[in-house]
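Peer 1: My questions all concern the structure below.
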Amino acid sequence: MFERYAVFYTPTGPLADFGAHWLGWDSAIGRTVPYPEIAEIDVASVTQTPRKYGLHGTLKAPFRLAKGCEVAHLQDATEIFAAGQAAFGIGSLSLRHGSGFVALRPRSQEAALQNFAAATVKAFDPFRAPLTDADIARRREAKLTARQDQQMLDWGYPFVFDDFHFHLTLSGRLNADAAAQLICALSPHLEKIVSDPFMIDAVTLMGQDAHGMFHQIHRYALTG
């Protein structure tokens, strides 16, 4: 049994392999893996914060399962959801420093992606247990806007709908100089393995273990 669940986008192929080694955690097999050696980059330190999630893009943020809900119900719902959605492209991704961390981000905000993310948030909210007072207090440390605060209360996460920005996180918080150095170091490794257009072709049901690490329960292809 896992302590929390989430619905992520997770890549496959060379990007997934690189991401697993870069972060030191392969969520597909639930194992630590050795870091790559990249000159002048302390990979373990840079990736400490995002490591537990594996390489991913958040769609439905981590949540505790609601009372009376079974994991099997969540799996069935994910399969049904994926079967009703078609794969789609989101244009090209670029390495950028935003919100304090480096990530692969779409060059433009595609309506198809925004709509898909919103549909995912809504589809899985019935499985989410209410936030605790501690959850709410922790979230409010981020100095949320009034809209984000209400979205947190309504949907369990502040950065949804118009505040959603898809990204594949590659670092913890970095200053501008450290981020520029990291982008320069990572670019040669990623330029040939990030597809263009980048495709959203699946959703992955994730589980968080007692040590805080996220595991891929199943990756469901979008076949609608």
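Here, A, B, ... name the chains of the structure tokens in the order displayed, residue numbers run from 1 inside each chain, and ligands are numbered from 1 in the same displayed order.
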Considering only C-alpha atoms, return as a PyMOL selection string whatever protein or nucleic-acid residues lie within 10 Å of range 23-30 of chain A, sequence-local ones (same chain, fewer than 4 positions apart) excluded.
Peer 2: chain A and resi 10+12+16-19+34-36+43-56+169-171+204+206-207+209+213-219
Peer 1: For the residues in the current selection, export N, CA, C and O atoms as a short mmCIF file (atom, residue, chain, number, x, y, z; two decimals), in the first residue's frame.
Peer 2:
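Everything below was put into again.cif:
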```cif
data_model
loop_
_atom_site.label_atom_id
_atom_site.label_comp_id
_atom_site.auth_asym_id
_atom_site.auth_seq_id
_atom_site.Cartn_x
_atom_site.Cartn_y
_atom_site.Cartn_z
N THR A 10 4.69 10.63 -17.50
CA THR A 10 6.07 10.13 -17.43
C THR A 10 6.53 9.75 -18.82
O THR A 10 5.80 9.09 -19.56
N THR A 12 9.01 7.91 -21.79
CA THR A 12 9.61 6.60 -22.01
C THR A 12 10.85 6.79 -22.88
O THR A 12 11.15 7.89 -23.32
N ALA A 16 13.43 9.04 -20.69
CA ALA A 16 13.16 8.42 -19.39
C ALA A 16 14.44 7.86 -18.78
O ALA A 16 14.68 8.01 -17.58
N ASP A 17 15.27 7.23 -19.61
CA ASP A 17 16.53 6.67 -19.12
C ASP A 17 17.44 7.76 -18.59
O ASP A 17 18.03 7.62 -17.51
N PHE A 18 17.57 8.84 -19.36
CA PHE A 18 18.43 9.94 -18.90
C PHE A 18 17.88 10.55 -17.63
O PHE A 18 18.63 10.81 -16.67
N GLY A 19 16.56 10.78 -17.60
CA GLY A 19 15.95 11.40 -16.43
C GLY A 19 16.12 10.57 -15.17
O GLY A 19 16.35 11.12 -14.09
N PRO A 34 22.64 5.03 -10.55
CA PRO A 34 23.80 5.92 -10.42
C PRO A 34 23.63 7.20 -11.23
O PRO A 34 23.04 7.20 -12.30
N TYR A 35 24.16 8.28 -10.67
CA TYR A 35 24.12 9.57 -11.36
C TYR A 35 25.12 9.60 -12.51
O TYR A 35 26.15 8.94 -12.47
N PRO A 36 24.83 10.41 -13.53
CA PRO A 36 25.84 10.63 -14.58
C PRO A 36 26.94 11.55 -14.06
O PRO A 36 26.73 12.32 -13.11
N VAL A 43 25.60 16.68 -9.19
CA VAL A 43 24.28 16.20 -9.59
C VAL A 43 23.43 15.81 -8.38
O VAL A 43 22.23 16.14 -8.32
N ALA A 44 23.99 15.13 -7.41
CA ALA A 44 23.23 14.69 -6.25
C ALA A 44 22.63 15.87 -5.50
O ALA A 44 21.47 15.84 -5.06
N SER A 45 23.39 16.94 -5.36
CA SER A 45 22.90 18.12 -4.65
C SER A 45 21.84 18.86 -5.46
O SER A 45 20.78 19.24 -4.93
N VAL A 46 22.09 19.05 -6.74
CA VAL A 46 21.18 19.79 -7.60
C VAL A 46 19.82 19.11 -7.70
O VAL A 46 18.77 19.77 -7.79
N THR A 47 19.81 17.77 -7.66
CA THR A 47 18.57 17.02 -7.88
C THR A 47 17.93 16.50 -6.61
O THR A 47 16.95 15.74 -6.67
N GLN A 48 18.41 16.90 -5.47
CA GLN A 48 17.90 16.34 -4.21
C GLN A 48 16.39 16.54 -4.03
O GLN A 48 15.67 15.63 -3.63
N THR A 49 15.90 17.73 -4.33
CA THR A 49 14.48 18.02 -4.11
C THR A 49 13.57 17.24 -5.06
O THR A 49 12.60 16.62 -4.61
N PRO A 50 13.81 17.22 -6.38
CA PRO A 50 12.89 16.52 -7.27
C PRO A 50 13.10 15.01 -7.35
O PRO A 50 12.30 14.31 -7.99
N ARG A 51 14.16 14.50 -6.69
CA ARG A 51 14.52 13.08 -6.87
C ARG A 51 13.36 12.14 -6.57
O ARG A 51 13.11 11.17 -7.29
N LYS A 52 12.64 12.38 -5.49
CA LYS A 52 11.65 11.41 -5.02
C LYS A 52 10.51 11.20 -6.02
O LYS A 52 9.84 10.16 -5.99
N TYR A 53 10.30 12.17 -6.90
CA TYR A 53 9.18 12.06 -7.86
C TYR A 53 9.55 11.29 -9.12
O TYR A 53 8.67 10.82 -9.84
N GLY A 54 10.85 11.20 -9.43
CA GLY A 54 11.25 10.71 -10.72
C GLY A 54 10.97 11.77 -11.78
O GLY A 54 10.37 12.81 -11.51
N LEU A 55 11.40 11.52 -13.02
CA LEU A 55 11.16 12.47 -14.10
C LEU A 55 9.68 12.44 -14.45
O LEU A 55 9.15 11.40 -14.85
N HIS A 56 9.02 13.60 -14.34
CA HIS A 56 7.57 13.60 -14.50
C HIS A 56 7.05 15.00 -14.77
O HIS A 56 7.73 15.99 -14.51
N THR A 169 10.60 18.58 -14.15
CA THR A 169 11.54 19.20 -13.24
C THR A 169 12.89 18.50 -13.25
O THR A 169 12.96 17.27 -13.15
N LEU A 170 13.95 19.29 -13.32
CA LEU A 170 15.31 18.74 -13.38
C LEU A 170 16.22 19.23 -12.26
O LEU A 170 17.36 18.77 -12.15
N SER A 171 15.75 20.15 -11.43
CA SER A 171 16.59 20.64 -10.34
C SER A 171 15.74 21.13 -9.19
O SER A 171 14.54 21.36 -9.33
N THR A 204 0.23 8.34 -16.06
CA THR A 204 0.80 7.32 -15.20
C THR A 204 0.26 7.47 -13.79
O THR A 204 0.36 8.55 -13.20
N MET A 206 0.69 6.96 -10.04
CA MET A 206 1.86 6.88 -9.19
C MET A 206 1.46 6.60 -7.75
O MET A 206 0.36 6.99 -7.30
N GLY A 207 2.35 5.97 -7.00
CA GLY A 207 2.17 5.76 -5.57
C GLY A 207 3.41 6.18 -4.81
O GLY A 207 4.53 5.93 -5.26
N ASP A 209 5.70 5.81 -1.50
CA ASP A 209 5.94 4.84 -0.44
C ASP A 209 6.23 5.53 0.89
O ASP A 209 6.26 6.77 0.99
N MET A 213 9.26 8.12 -1.69
CA MET A 213 9.61 7.92 -3.09
C MET A 213 8.38 7.50 -3.90
O MET A 213 7.57 6.69 -3.45
N PHE A 214 8.30 8.05 -5.11
CA PHE A 214 7.16 7.74 -5.99
C PHE A 214 7.50 6.61 -6.95
O PHE A 214 8.59 6.58 -7.53
N HIS A 215 6.53 5.71 -7.12
CA HIS A 215 6.65 4.55 -7.99
C HIS A 215 5.56 4.58 -9.06
O HIS A 215 4.42 4.96 -8.76
N GLN A 216 5.92 4.15 -10.26
CA GLN A 216 4.92 4.02 -11.30
C GLN A 216 4.10 2.74 -11.06
O GLN A 216 4.65 1.63 -11.09
N ILE A 217 2.81 2.91 -10.81
CA ILE A 217 1.93 1.75 -10.64
C ILE A 217 1.57 1.19 -12.01
O ILE A 217 1.66 -0.01 -12.26
N HIS A 218 1.19 2.10 -12.91
CA HIS A 218 0.92 1.68 -14.30
C HIS A 218 0.86 2.92 -15.18
O HIS A 218 0.37 3.97 -14.77
N ARG A 219 1.40 2.78 -16.39
CA ARG A 219 1.33 3.85 -17.39
C ARG A 219 0.25 3.48 -18.41
O ARG A 219 0.35 2.44 -19.06
#
```
Peer 1: Could you pull the residues within 8 Å of range 2-5 of chain A, counting only C-alpha atoms, minus those fewer than 6 positions along the same chain, as a list in words?
Peer 2: Pro62, Phe63, Arg64, Leu65, Leu205, Met206, Gly207, Gln208, Asp209 and Ala210 of chain A
Peer 1: Under the rule that only C-alpha atoms are counted, which of A:Ile90, A:Lys67, A:Ala61, A:His97 is the nearest residue to Gln181 in chain A?
Peer 2: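 Under the stated criterion, the closest residue is A:His97.
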Peer 1: Using only C-alpha atoms for the distances, tell me which of A:Ala146, A:Leu222, A:Ala103, A:Ala137 is nearest to Leu186 in chain A.
Peer 2: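 Looking at the shortest contact to Leu186 in chain A, the residue is A:Ala103.
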Peer 1: Could you please determine the separation between CA of Leu59 in chain A and CA of Phe101 in chain A in Å, to one decimal place?
Peer 2: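 Between these atoms lies a distance of 18.3 Å.
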Peer 1: In Å, how far is it from CA of Leu93 in chain A to CA of Val160 in chain A?
Peer 2: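 Result for CA of Leu93 in chain A versus CA of Val160 in chain A: 20.1 Å, one decimal.
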Peer 1: Can you pull out every residue within 12 Å of Val203 in chain A, counting only C-alpha atoms, but drop anything in the same chain fewer than 6 positions away, and send it as a tab-separated table (two decimals) with all heavy atoms, in the first residue's frame?
Peer 2:
```tsv
chain	number	residue	atom	x	y	z
A	6	ALA	N	-0.90	9.87	-7.18
A	6	ALA	CA	-0.86	11.02	-8.07
A	6	ALA	C	-1.04	10.53	-9.49
A	6	ALA	O	-0.87	9.32	-9.78
A	6	ALA	CB	0.47	11.77	-7.94
A	7	VAL	N	-1.38	11.44	-10.39
A	7	VAL	CA	-1.42	11.14	-11.82
A	7	VAL	C	-0.41	12.07	-12.50
A	7	VAL	O	-0.56	13.30	-12.45
A	7	VAL	CB	-2.82	11.32	-12.41
A	7	VAL	CG1	-2.81	11.00	-13.91
A	7	VAL	CG2	-3.83	10.43	-11.69
A	8	PHE	N	0.61	11.48	-13.08
A	8	PHE	CA	1.68	12.22	-13.73
A	8	PHE	C	1.72	11.88	-15.21
A	8	PHE	O	1.17	10.86	-15.66
A	8	PHE	CB	3.05	11.83	-13.15
A	8	PHE	CG	3.31	12.27	-11.73
A	8	PHE	CD1	4.37	11.69	-11.02
A	8	PHE	CD2	2.55	13.24	-11.11
A	8	PHE	CE1	4.65	12.10	-9.73
A	8	PHE	CE2	2.83	13.64	-9.80
A	8	PHE	CZ	3.88	13.06	-9.11
A	9	TYR	N	2.42	12.72	-15.97
A	9	TYR	CA	2.94	12.30	-17.26
A	9	TYR	C	4.36	11.80	-17.00
A	9	TYR	O	5.15	12.50	-16.35
A	9	TYR	CB	2.97	13.44	-18.28
A	9	TYR	CG	3.80	13.03	-19.48
A	9	TYR	CD1	3.26	12.22	-20.46
A	9	TYR	CD2	5.15	13.37	-19.56
A	9	TYR	CE1	4.05	11.77	-21.52
A	9	TYR	CE2	5.94	12.92	-20.61
A	9	TYR	CZ	5.38	12.12	-21.58
A	9	TYR	OH	6.15	11.65	-22.61
A	10	THR	N	4.69	10.63	-17.50
A	10	THR	CA	6.07	10.13	-17.43
A	10	THR	C	6.53	9.75	-18.82
A	10	THR	O	5.80	9.09	-19.56
A	10	THR	CB	6.19	8.91	-16.50
A	10	THR	OG1	5.36	7.84	-16.99
A	10	THR	CG2	5.78	9.26	-15.07
A	11	PRO	N	7.73	10.16	-19.21
A	11	PRO	CA	8.24	9.81	-20.53
A	11	PRO	C	8.73	8.37	-20.58
A	11	PRO	O	8.87	7.70	-19.55
A	11	PRO	CB	9.41	10.79	-20.73
A	11	PRO	CG	9.89	11.05	-19.34
A	11	PRO	CD	8.67	11.01	-18.45
A	12	THR	N	9.01	7.91	-21.79
A	12	THR	CA	9.61	6.60	-22.01
A	12	THR	C	10.85	6.79	-22.88
A	12	THR	O	11.15	7.89	-23.32
A	12	THR	CB	8.63	5.63	-22.70
A	12	THR	OG1	8.19	6.22	-23.93
A	12	THR	CG2	7.42	5.37	-21.81
A	56	HIS	N	9.02	13.60	-14.34
A	56	HIS	CA	7.57	13.60	-14.50
A	56	HIS	C	7.05	15.00	-14.77
A	56	HIS	O	7.73	15.99	-14.51
A	56	HIS	CB	6.89	13.09	-13.23
A	56	HIS	CG	6.83	14.15	-12.16
A	56	HIS	ND1	7.94	14.61	-11.50
A	56	HIS	CD2	5.78	14.88	-11.68
A	56	HIS	CE1	7.60	15.56	-10.64
A	56	HIS	NE2	6.29	15.75	-10.73
A	57	GLY	N	5.83	15.05	-15.26
A	57	GLY	CA	5.05	16.28	-15.29
A	57	GLY	C	3.79	16.04	-14.49
A	57	GLY	O	3.05	15.09	-14.75
A	58	THR	N	3.53	16.89	-13.51
A	58	THR	CA	2.35	16.72	-12.66
A	58	THR	C	1.08	17.04	-13.43
A	58	THR	O	0.99	18.06	-14.11
A	58	THR	CB	2.44	17.63	-11.43
A	58	THR	OG1	3.58	17.28	-10.66
A	58	THR	CG2	1.20	17.51	-10.56
A	59	LEU	N	0.08	16.18	-13.31
A	59	LEU	CA	-1.25	16.43	-13.84
A	59	LEU	C	-2.26	16.52	-12.70
A	59	LEU	O	-2.97	17.50	-12.57
A	59	LEU	CB	-1.65	15.35	-14.85
A	59	LEU	CG	-0.78	15.33	-16.12
A	59	LEU	CD1	-1.03	14.06	-16.93
A	59	LEU	CD2	-1.05	16.57	-16.97
A	60	LYS	N	-2.34	15.48	-11.88
A	60	LYS	CA	-3.09	15.52	-10.63
A	60	LYS	C	-2.09	15.36	-9.51
A	60	LYS	O	-1.44	14.33	-9.37
A	60	LYS	CB	-4.14	14.40	-10.57
A	60	LYS	CG	-4.98	14.39	-9.29
A	60	LYS	CD	-5.85	15.63	-9.18
A	60	LYS	CE	-6.78	15.55	-7.96
A	60	LYS	NZ	-7.60	16.78	-7.82
A	75	GLN	N	-7.35	2.63	-10.07
A	75	GLN	CA	-6.75	2.05	-11.28
A	75	GLN	C	-7.79	1.94	-12.39
A	75	GLN	O	-7.49	2.26	-13.55
A	75	GLN	CB	-6.17	0.68	-10.95
A	75	GLN	CG	-4.95	0.74	-10.05
A	75	GLN	CD	-4.48	-0.65	-9.62
A	75	GLN	OE1	-5.21	-1.38	-8.97
A	75	GLN	NE2	-3.25	-0.99	-9.96
A	77	ALA	N	-10.43	3.75	-12.80
A	77	ALA	CA	-10.76	5.10	-13.26
A	77	ALA	C	-9.67	5.66	-14.17
A	77	ALA	O	-9.97	6.35	-15.15
A	77	ALA	CB	-10.97	6.02	-12.05
A	78	THR	N	-8.42	5.35	-13.86
A	78	THR	CA	-7.32	5.84	-14.69
A	78	THR	C	-7.36	5.18	-16.06
A	78	THR	O	-7.14	5.83	-17.09
A	78	THR	CB	-5.96	5.56	-14.01
A	78	THR	OG1	-6.01	6.00	-12.65
A	78	THR	CG2	-4.85	6.31	-14.73
A	79	GLU	N	-7.63	3.89	-16.08
A	79	GLU	CA	-7.74	3.18	-17.36
A	79	GLU	C	-8.87	3.74	-18.21
A	79	GLU	O	-8.71	3.98	-19.42
A	79	GLU	CB	-7.96	1.69	-17.10
A	79	GLU	CG	-8.01	0.85	-18.36
A	79	GLU	CD	-8.13	-0.63	-18.09
A	79	GLU	OE1	-8.36	-1.01	-16.92
A	79	GLU	OE2	-7.99	-1.42	-19.04
A	80	ILE	N	-10.01	3.99	-17.60
A	80	ILE	CA	-11.16	4.54	-18.32
A	80	ILE	C	-10.86	5.95	-18.82
A	80	ILE	O	-11.18	6.31	-19.96
A	80	ILE	CB	-12.41	4.53	-17.41
A	80	ILE	CG1	-12.85	3.08	-17.15
A	80	ILE	CG2	-13.55	5.34	-18.04
A	80	ILE	CD1	-13.88	2.95	-16.05
A	81	PHE	N	-10.25	6.75	-17.97
A	81	PHE	CA	-9.90	8.12	-18.37
A	81	PHE	C	-8.97	8.11	-19.57
A	81	PHE	O	-9.19	8.84	-20.55
A	81	PHE	CB	-9.24	8.84	-17.19
A	81	PHE	CG	-8.80	10.24	-17.51
A	81	PHE	CD1	-9.71	11.28	-17.54
A	81	PHE	CD2	-7.45	10.51	-17.78
A	81	PHE	CE1	-9.29	12.58	-17.84
A	81	PHE	CE2	-7.04	11.80	-18.07
A	81	PHE	CZ	-7.96	12.84	-18.11
A	82	ALA	N	-7.92	7.29	-19.53
A	82	ALA	CA	-6.95	7.25	-20.62
A	82	ALA	C	-7.59	6.77	-21.92
A	82	ALA	O	-7.26	7.25	-23.00
A	82	ALA	CB	-5.78	6.35	-20.25
A	83	ALA	N	-8.52	5.85	-21.80
A	83	ALA	CA	-9.20	5.32	-23.00
A	83	ALA	C	-10.09	6.37	-23.66
A	83	ALA	O	-10.43	6.24	-24.84
A	83	ALA	CB	-10.02	4.09	-22.63
A	84	GLY	N	-10.45	7.40	-22.93
A	84	GLY	CA	-11.31	8.45	-23.47
A	84	GLY	C	-10.56	9.67	-23.94
A	84	GLY	O	-11.17	10.66	-24.35
A	85	GLN	N	-9.22	9.64	-23.88
A	85	GLN	CA	-8.41	10.79	-24.27
A	85	GLN	C	-7.48	10.41	-25.42
A	85	GLN	O	-6.90	9.32	-25.42
A	85	GLN	CB	-7.56	11.27	-23.08
A	85	GLN	CG	-8.35	11.63	-21.84
A	85	GLN	CD	-9.08	12.94	-21.99
A	85	GLN	OE1	-8.65	13.83	-22.72
A	85	GLN	NE2	-10.20	13.08	-21.28
A	86	ALA	N	-7.33	11.31	-26.36
A	86	ALA	CA	-6.42	11.07	-27.48
A	86	ALA	C	-5.05	11.69	-27.19
A	86	ALA	O	-4.94	12.73	-26.52
A	86	ALA	CB	-6.98	11.68	-28.75
A	87	ALA	N	-4.00	11.04	-27.67
A	87	ALA	CA	-2.65	11.61	-27.57
A	87	ALA	C	-2.58	12.90	-28.38
A	87	ALA	O	-3.29	13.08	-29.38
A	87	ALA	CB	-1.63	10.60	-28.08
A	116	PHE	N	-6.53	19.38	-21.16
A	116	PHE	CA	-6.27	18.01	-20.71
A	116	PHE	C	-5.91	18.00	-19.22
A	116	PHE	O	-6.41	17.16	-18.46
A	116	PHE	CB	-5.13	17.42	-21.53
A	116	PHE	CG	-4.71	16.04	-21.11
A	116	PHE	CD1	-5.50	14.94	-21.41
A	116	PHE	CD2	-3.53	15.83	-20.42
A	116	PHE	CE1	-5.12	13.65	-21.03
A	116	PHE	CE2	-3.14	14.56	-20.03
A	116	PHE	CZ	-3.94	13.48	-20.33
A	117	ALA	N	-5.06	18.92	-18.81
A	117	ALA	CA	-4.67	18.98	-17.40
A	117	ALA	C	-5.88	19.28	-16.52
A	117	ALA	O	-6.04	18.68	-15.45
A	117	ALA	CB	-3.59	20.05	-17.21
A	120	THR	N	-7.98	16.21	-16.15
A	120	THR	CA	-7.35	15.25	-15.24
A	120	THR	C	-7.60	15.63	-13.78
A	120	THR	O	-7.96	14.78	-12.95
A	120	THR	CB	-5.83	15.18	-15.50
A	120	THR	OG1	-5.59	14.96	-16.88
A	120	THR	CG2	-5.20	14.04	-14.71
A	216	GLN	N	5.92	4.15	-10.26
A	216	GLN	CA	4.92	4.02	-11.30
A	216	GLN	C	4.10	2.74	-11.06
A	216	GLN	O	4.65	1.63	-11.09
A	216	GLN	CB	5.57	3.96	-12.68
A	216	GLN	CG	6.29	5.25	-13.06
A	216	GLN	CD	6.82	5.22	-14.48
A	216	GLN	OE1	6.25	4.56	-15.35
A	216	GLN	NE2	7.89	5.95	-14.72
A	217	ILE	N	2.81	2.91	-10.81
A	217	ILE	CA	1.93	1.75	-10.64
A	217	ILE	C	1.57	1.19	-12.01
A	217	ILE	O	1.66	-0.01	-12.26
A	217	ILE	CB	0.67	2.15	-9.86
A	217	ILE	CG1	1.05	2.62	-8.45
A	217	ILE	CG2	-0.33	0.98	-9.79
A	217	ILE	CD1	-0.09	3.21	-7.67
A	218	HIS	N	1.19	2.10	-12.91
A	218	HIS	CA	0.92	1.68	-14.30
A	218	HIS	C	0.86	2.92	-15.18
A	218	HIS	O	0.37	3.97	-14.77
A	218	HIS	CB	-0.40	0.91	-14.41
A	218	HIS	CG	-0.58	0.25	-15.75
A	218	HIS	ND1	0.05	-0.93	-16.08
A	218	HIS	CD2	-1.29	0.61	-16.84
A	218	HIS	CE1	-0.28	-1.28	-17.31
A	218	HIS	NE2	-1.10	-0.35	-17.81
A	219	ARG	N	1.40	2.78	-16.39
A	219	ARG	CA	1.33	3.85	-17.39
A	219	ARG	C	0.25	3.48	-18.41
A	219	ARG	O	0.35	2.44	-19.06
A	219	ARG	CB	2.68	4.02	-18.07
A	219	ARG	CG	2.81	5.25	-18.96
A	219	ARG	CD	4.23	5.34	-19.52
A	219	ARG	NE	4.49	6.62	-20.18
A	219	ARG	CZ	4.25	6.87	-21.47
A	219	ARG	NH1	3.75	5.90	-22.24
A	219	ARG	NH2	4.52	8.05	-21.99
A	220	TYR	N	-0.76	4.33	-18.50
A	220	TYR	CA	-1.92	4.05	-19.36
A	220	TYR	C	-1.84	4.90	-20.63
A	220	TYR	O	-1.86	6.13	-20.58
A	220	TYR	CB	-3.22	4.37	-18.63
A	220	TYR	CG	-3.46	3.56	-17.38
A	220	TYR	CD1	-2.95	3.98	-16.15
A	220	TYR	CD2	-4.21	2.37	-17.41
A	220	TYR	CE1	-3.17	3.24	-15.00
A	220	TYR	CE2	-4.43	1.63	-16.27
A	220	TYR	CZ	-3.90	2.07	-15.06
A	220	TYR	OH	-4.12	1.32	-13.91
A	221	ALA	N	-1.77	4.25	-21.78
A	221	ALA	CA	-1.72	4.96	-23.05
A	221	ALA	C	-3.03	5.69	-23.31
A	221	ALA	O	-4.11	5.18	-22.98
A	221	ALA	CB	-1.43	3.99	-24.19
A	222	LEU	N	-2.94	6.87	-23.89
A	222	LEU	CA	-4.14	7.61	-24.30
A	222	LEU	C	-4.59	7.05	-25.64
A	222	LEU	O	-3.90	7.17	-26.65
A	222	LEU	CB	-3.82	9.10	-24.43
A	222	LEU	CG	-3.23	9.80	-23.19
A	222	LEU	CD1	-3.06	11.29	-23.44
A	222	LEU	CD2	-4.09	9.55	-21.96
A	223	THR	N	-5.74	6.42	-25.66
A	223	THR	CA	-6.19	5.71	-26.86
A	223	THR	C	-7.53	6.22	-27.39
A	223	THR	O	-8.13	5.59	-28.27
A	223	THR	CB	-6.31	4.20	-26.56
A	223	THR	OG1	-7.21	4.01	-25.45
A	223	THR	CG2	-4.96	3.61	-26.22
```
Peer 1: Looking only at strand (DSSP E) from DSSP on the backbone, list the matching residues of range 15-147 of chain A as a ChimeraX atom specification.
Peer 2: /A:25-26,31-32,57-63,88-89,93-98,101-106
Peer 1: Mind pulling up the distance from CA of Asp42 in chain A to CA of Ala178 in chain A?
Peer 2: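 Distance between the two atoms: 10.9 Å.
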Peer 1: I'd like to know which of A:Glu37, A:Asp196, A:Phe159, A:Arg173 is closest to Gln114 in chain A, using only C-alpha atoms.
Peer 2: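 Looking only at the distances to Gln114 in chain A, the closest residue turns out to be A:Phe159.
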